[in-house]
Each structure stands twice: as C-alpha cells, then as structure tokens.
$ cat upload-v6.cif   # mmCIF, C-alpha atoms
data_protein
#
loop_
_atom_site.label_atom_id
_atom_site.label_comp_id
_atom_site.auth_asym_id
_atom_site.auth_seq_id
_atom_site.Cartn_x
_atom_site.Cartn_y
_atom_site.Cartn_z
CA MET A 1 6.52 8.58 -21.85
CA SER A 2 6.00 9.51 -18.21
CA GLN A 3 8.62 9.41 -15.49
CA THR A 4 6.90 7.58 -12.63
CA LEU A 5 8.01 7.14 -9.04
CA ILE A 6 6.45 4.41 -6.94
CA ILE A 7 7.10 4.62 -3.20
CA TYR A 8 6.34 1.81 -0.78
CA SER A 9 5.94 1.73 2.98
CA SER A 10 5.99 -1.98 3.79
CA VAL A 11 6.54 -3.90 7.01
CA ASP A 12 6.53 -7.51 5.80
CA GLY A 13 7.01 -7.09 2.06
CA GLN A 14 3.54 -7.53 0.55
CA THR A 15 3.16 -3.83 -0.24
CA GLN A 16 6.57 -3.88 -1.88
CA ALA A 17 5.51 -6.92 -3.95
CA ILE A 18 2.35 -5.10 -5.05
CA CYS A 19 4.42 -2.04 -5.98
CA GLN A 20 6.78 -4.23 -7.98
CA ARG A 21 3.83 -5.62 -9.96
CA ILE A 22 2.50 -2.10 -10.58
CA LYS A 23 5.97 -1.04 -11.72
CA GLU A 24 6.15 -3.90 -14.23
CA ILE A 25 2.72 -3.11 -15.65
CA ASN A 26 3.44 0.63 -15.91
CA MET A 27 6.76 -0.08 -17.64
CA HIS A 28 4.99 -2.44 -20.05
CA MET A 29 2.56 0.40 -20.83
CA GLY A 30 5.46 2.73 -21.70
CA ASP A 31 6.36 4.62 -18.53
CA GLU A 32 9.84 4.83 -17.07
CA VAL A 33 9.41 3.72 -13.46
CA ILE A 34 11.58 3.91 -10.37
CA LEU A 35 10.61 1.99 -7.22
CA LEU A 36 11.86 3.30 -3.86
CA SER A 37 11.20 2.55 -0.22
CA LEU A 38 9.77 5.39 1.83
CA ALA A 39 13.18 5.81 3.51
CA GLU A 40 14.90 6.09 0.11
CA ALA A 41 12.26 8.53 -1.15
CA THR A 42 12.97 11.00 1.67
CA THR A 43 16.31 11.81 0.02
CA ALA A 44 15.19 11.50 -3.63
CA SER A 45 14.50 14.45 -5.92
CA LEU A 46 10.74 14.19 -6.41
CA ASP A 47 10.81 17.04 -8.93
CA ASP A 48 12.20 14.63 -11.54
CA TYR A 49 8.93 12.70 -11.85
CA ASP A 50 5.66 13.33 -13.68
CA LYS A 51 3.70 10.82 -11.58
CA ILE A 52 4.07 9.68 -7.98
CA LEU A 53 2.28 6.68 -6.48
CA ILE A 54 2.56 5.71 -2.82
CA GLY A 55 1.59 2.31 -1.44
CA ALA A 56 1.46 1.78 2.32
CA SER A 57 0.65 -1.11 4.59
CA ILE A 58 -1.26 -1.17 7.85
CA ARG A 59 0.15 -2.61 11.06
CA TYR A 60 -1.99 -2.75 14.17
CA GLY A 61 -4.57 -0.46 12.65
CA LYS A 62 -2.24 2.33 11.50
CA HIS A 63 -0.16 3.50 8.61
CA ARG A 64 3.38 4.28 9.74
CA ALA A 65 4.11 7.69 11.24
CA GLU A 66 6.94 8.16 8.72
CA LEU A 67 4.37 8.03 5.92
CA TYR A 68 2.42 10.96 7.35
CA GLN A 69 5.65 12.89 7.90
CA PHE A 70 6.74 12.30 4.30
CA ILE A 71 3.36 13.47 3.03
CA HIS A 72 3.44 16.53 5.29
CA ASP A 73 6.93 17.44 4.07
CA ASN A 74 6.06 16.92 0.39
CA ASN A 75 2.35 17.75 0.19
CA ALA A 76 2.64 20.65 -2.27
CA LEU A 77 4.94 18.71 -4.58
CA LEU A 78 2.80 15.55 -4.45
CA SER A 79 -0.30 17.61 -5.22
CA SER A 80 1.40 19.25 -8.22
CA LYS A 81 2.01 15.88 -9.90
CA ILE A 82 -0.25 13.15 -11.22
CA ASN A 83 -0.51 11.14 -8.03
CA GLY A 84 -2.09 8.21 -6.28
CA PHE A 85 -2.18 6.30 -3.05
CA PHE A 86 -3.16 2.79 -2.06
CA SER A 87 -3.43 1.03 1.26
CA VAL A 88 -2.67 -2.64 1.87
CA ASN A 89 -4.47 -4.28 4.77
CA VAL A 90 -5.98 -7.61 5.67
CA VAL A 91 -9.37 -6.05 6.42
CA ALA A 92 -9.67 -5.57 2.64
CA ARG A 93 -10.06 -9.34 2.31
CA LYS A 94 -13.74 -8.73 3.05
CA PRO A 95 -15.74 -7.65 -0.02
CA GLU A 96 -17.58 -4.96 1.91
CA LYS A 97 -14.25 -3.35 2.96
CA ASN A 98 -12.11 -3.60 -0.18
CA SER A 99 -12.71 -0.24 -1.85
CA PRO A 100 -11.47 3.29 -1.09
CA THR A 101 -15.00 4.32 -0.06
CA THR A 102 -15.57 1.39 2.31
CA ASN A 103 -12.16 0.53 3.74
CA PRO A 104 -11.81 1.92 7.28
CA TYR A 105 -8.04 2.42 6.97
CA MET A 106 -8.36 4.38 3.73
CA LEU A 107 -11.10 6.51 5.25
CA LYS A 108 -8.92 7.13 8.31
CA PHE A 109 -5.95 8.01 6.08
CA LEU A 110 -8.02 10.53 4.12
CA THR A 111 -9.15 12.12 7.37
CA LEU A 112 -5.65 12.31 8.91
CA SER A 113 -3.70 13.29 5.81
CA SER A 114 -3.54 16.79 4.37
CA TRP A 115 -2.85 15.25 0.93
CA LYS A 116 -5.82 14.35 -1.24
CA PRO A 117 -4.59 11.78 -3.79
CA GLN A 118 -6.13 11.77 -7.26
CA VAL A 119 -6.17 7.98 -7.68
CA LEU A 120 -7.02 5.71 -4.74
CA GLY A 121 -6.79 1.96 -4.26
CA VAL A 122 -7.15 -0.65 -1.54
CA PHE A 123 -5.69 -4.14 -1.67
CA ALA A 124 -5.90 -7.05 0.70
CA GLY A 125 -2.57 -8.07 2.16
CA LYS A 126 -0.99 -11.25 3.39
CA ILE A 127 -0.58 -13.01 6.71
CA ASP A 128 2.61 -15.02 7.07
CA TYR A 129 2.56 -16.44 10.59
CA PRO A 130 5.83 -18.44 10.31
CA LYS A 131 7.70 -15.24 9.39
CA TYR A 132 6.53 -13.28 12.47
CA GLY A 133 8.18 -13.07 15.85
CA PHE A 134 6.31 -14.23 18.94
CA PHE A 135 4.63 -10.89 19.72
CA ASP A 136 3.46 -10.18 16.16
CA ARG A 137 2.26 -13.77 15.71
CA PHE A 138 0.28 -13.56 18.96
CA MET A 139 -1.24 -10.14 18.21
CA ILE A 140 -2.10 -10.84 14.57
CA ARG A 141 -3.63 -14.17 15.52
CA LEU A 142 -5.72 -12.43 18.18
CA ILE A 143 -6.90 -9.85 15.66
CA MET A 144 -7.72 -12.59 13.15
CA LYS A 145 -9.68 -14.51 15.76
CA MET A 146 -11.73 -11.39 16.54
CA THR A 147 -12.35 -10.69 12.83
CA LYS A 148 -13.00 -14.32 11.81
CA GLY A 149 -9.77 -14.63 9.83
CA PRO A 150 -7.24 -17.47 9.64
CA THR A 151 -5.56 -18.38 12.93
CA ASP A 152 -3.36 -21.37 12.01
CA ILE A 153 0.08 -20.10 13.06
CA LYS A 154 1.77 -22.58 10.70
CA GLY A 155 0.07 -21.06 7.68
CA THR A 156 0.64 -18.30 5.18
CA PHE A 157 -2.49 -16.66 3.80
CA GLU A 158 -2.34 -14.35 0.81
CA PHE A 159 -5.50 -12.33 0.20
CA THR A 160 -4.19 -10.00 -2.53
CA ASP A 161 -6.39 -9.94 -5.62
CA TRP A 162 -3.72 -9.64 -8.30
CA ASP A 163 -6.31 -8.96 -11.02
CA GLN A 164 -7.46 -5.96 -8.99
CA VAL A 165 -3.82 -4.83 -8.71
CA THR A 166 -3.42 -5.15 -12.50
CA LYS A 167 -6.55 -3.06 -13.18
CA PHE A 168 -5.37 -0.39 -10.74
CA ALA A 169 -1.88 -0.32 -12.31
CA GLU A 170 -3.32 0.03 -15.81
CA HIS A 171 -5.63 2.81 -14.64
CA PHE A 172 -2.73 4.67 -13.01
CA ALA A 173 -0.52 4.24 -16.09
CA LYS A 174 -3.23 5.88 -18.24
CA GLN A 175 -3.30 9.04 -16.10
CA LYS A 176 -1.90 11.98 -18.05
#
$ encode --input "upload-v6.cif" --output "structure tokens"
Amino acid sequence: MSQTLIIYSSVDGQTQAICQRIKEINMHMGDEVILLSLAEATTASLDDYDKILIGASIRYGKHRAELYQFIHDNNALLSSKINGFFSVNVVARKPEKNSPTTNPYMLKFLTLSSWKPQVLGVFAGKIDYPKYGFFDRFMIRLIMKMTKGPTDIKGTFEFTDWDQVTKFAEHFAKQK
C-alpha cells in the first residue's frame, strides 16, 4: 500500500473536485491518500509519502506563482518520489488541445518548471459565470468569445471528461 499525497492549486474548485475524484479512485485501488491544498502542502512533511501528485488550474493563461515557488522549493524531493502533475484549463475542451503533448499550458509549464513530472495529464475545466465577480465574468466571457466558447453569463459549463480523469487516476495508482 502506497502513501499518496495529492496537492491541488484551484481558484474556483474544479481542480479540487478532480483531485477528490482521483483520491477516491486511488483509495479504492488500495493506496492511503491525503488531499491538501497547495497552501496546506507548504507546511506538510512531504517525506512521509511514496507518491505525490499535483493538480493545478489555469487562470488568465497562467498557473499560479505559488505553484512554481512550491515546485522550486521541493524539486529534489518531488523528483525522488513517484510523482505526477496535471493541468486543468478550459482550452483542453478542444480535442486537439487536451493532451500533455498538445496543450499549450502544459507545454508552457514544462518549459518554465525545473521539475519534470513522471506522469502527466490535462483535463478540461469548468466555467461558472454566475459564481464569478464582475471582472472575472467579463474577462472570461471575452476569452470565450475569442476562442468560440460559451458566452451565456447565466450558464455553467462543465467540460471535464470524468472518464478521462478515472483512467488517469487508475494509471497513477498503478505506479510503483
């Protein structure tokens, strides 16, 4: 049985929901799993875990600066464990941009990060216009208009392929 740590960097909660699903699947497959936010993980003892998985969302074209700082501070330890990383972004709703080799945010992450994760994933996120403040609603709607996405500010649009999440979780759980 592996001790697994799943860390999420989430702005609106979809990455956290994906991490929760991965946790449930990994536990079902026999691992002991702890789920922590990135802020909580900065004070956790990472040495206690056999596997570490990080999931991070995109906002306005970027992963959060705190994510890169965490990776910088823990690169050697992350690299010494069975590890993985996935990015959650709405661009991944497009079939030609929903894999680690084709998603522009994953490619950018791999260029900017000194860490080279062993297992990579990309999942489409969610747009929840009613939940956003004025500025975010305006900006996300503008981005969606430019990328031919949904623009109805009364709507919530979930693009996450949960079967893809399940396959990724099972693959990660099998890493030894």
$ closest_residue --input "upload-v6.cif" --among "A:Ile54, A:Met29, A:Ala169, A:Ala65" --to "A:Met1" --atoms "only C-alpha atoms"
A:Met29
$ atom_distance --input "upload-v6.cif" --atom1 "atom CA of A:Asn98" --atom2 "atom CA of A:Arg21"
18.8 Å
$ closest_residue --input "upload-v6.cif" --among "A:Trp115, A:Phe85, A:Phe134, A:Phe109" --to "A:Phe168" --atoms "only C-alpha atoms"
A:Phe85
$ residues_around --input "upload-v6.cif" --residues "A:Ile140" --least-positions-apart "3" --cutoff "9 Å" --atoms "all atoms listed in the file" --output "NGL selection string"
:A and (60 or 127 or 129 or 135-137 or 143-145 or 151)
$ residues_near_point --input "upload-v6.cif" --point "(-1.0, 14.9, 0.7)" --cutoff "8 Å" --atoms "all atoms listed in the file" --output "NGL selection string"
:A and (71-72 or 74-76 or 78-79 or 113-117)
$ atom_distance --input "upload-v6.cif" --atom1 "atom CA of A:Ser37" --atom2 "atom CA of A:Ser10"
8.0 Å
$ residues_around --input "upload-v6.cif" --residues "stretch 43-50 of chain A" --least-positions-apart "6" --cutoff "9 Å" --atoms "all atoms listed in the file" --output "count of residues only"
12
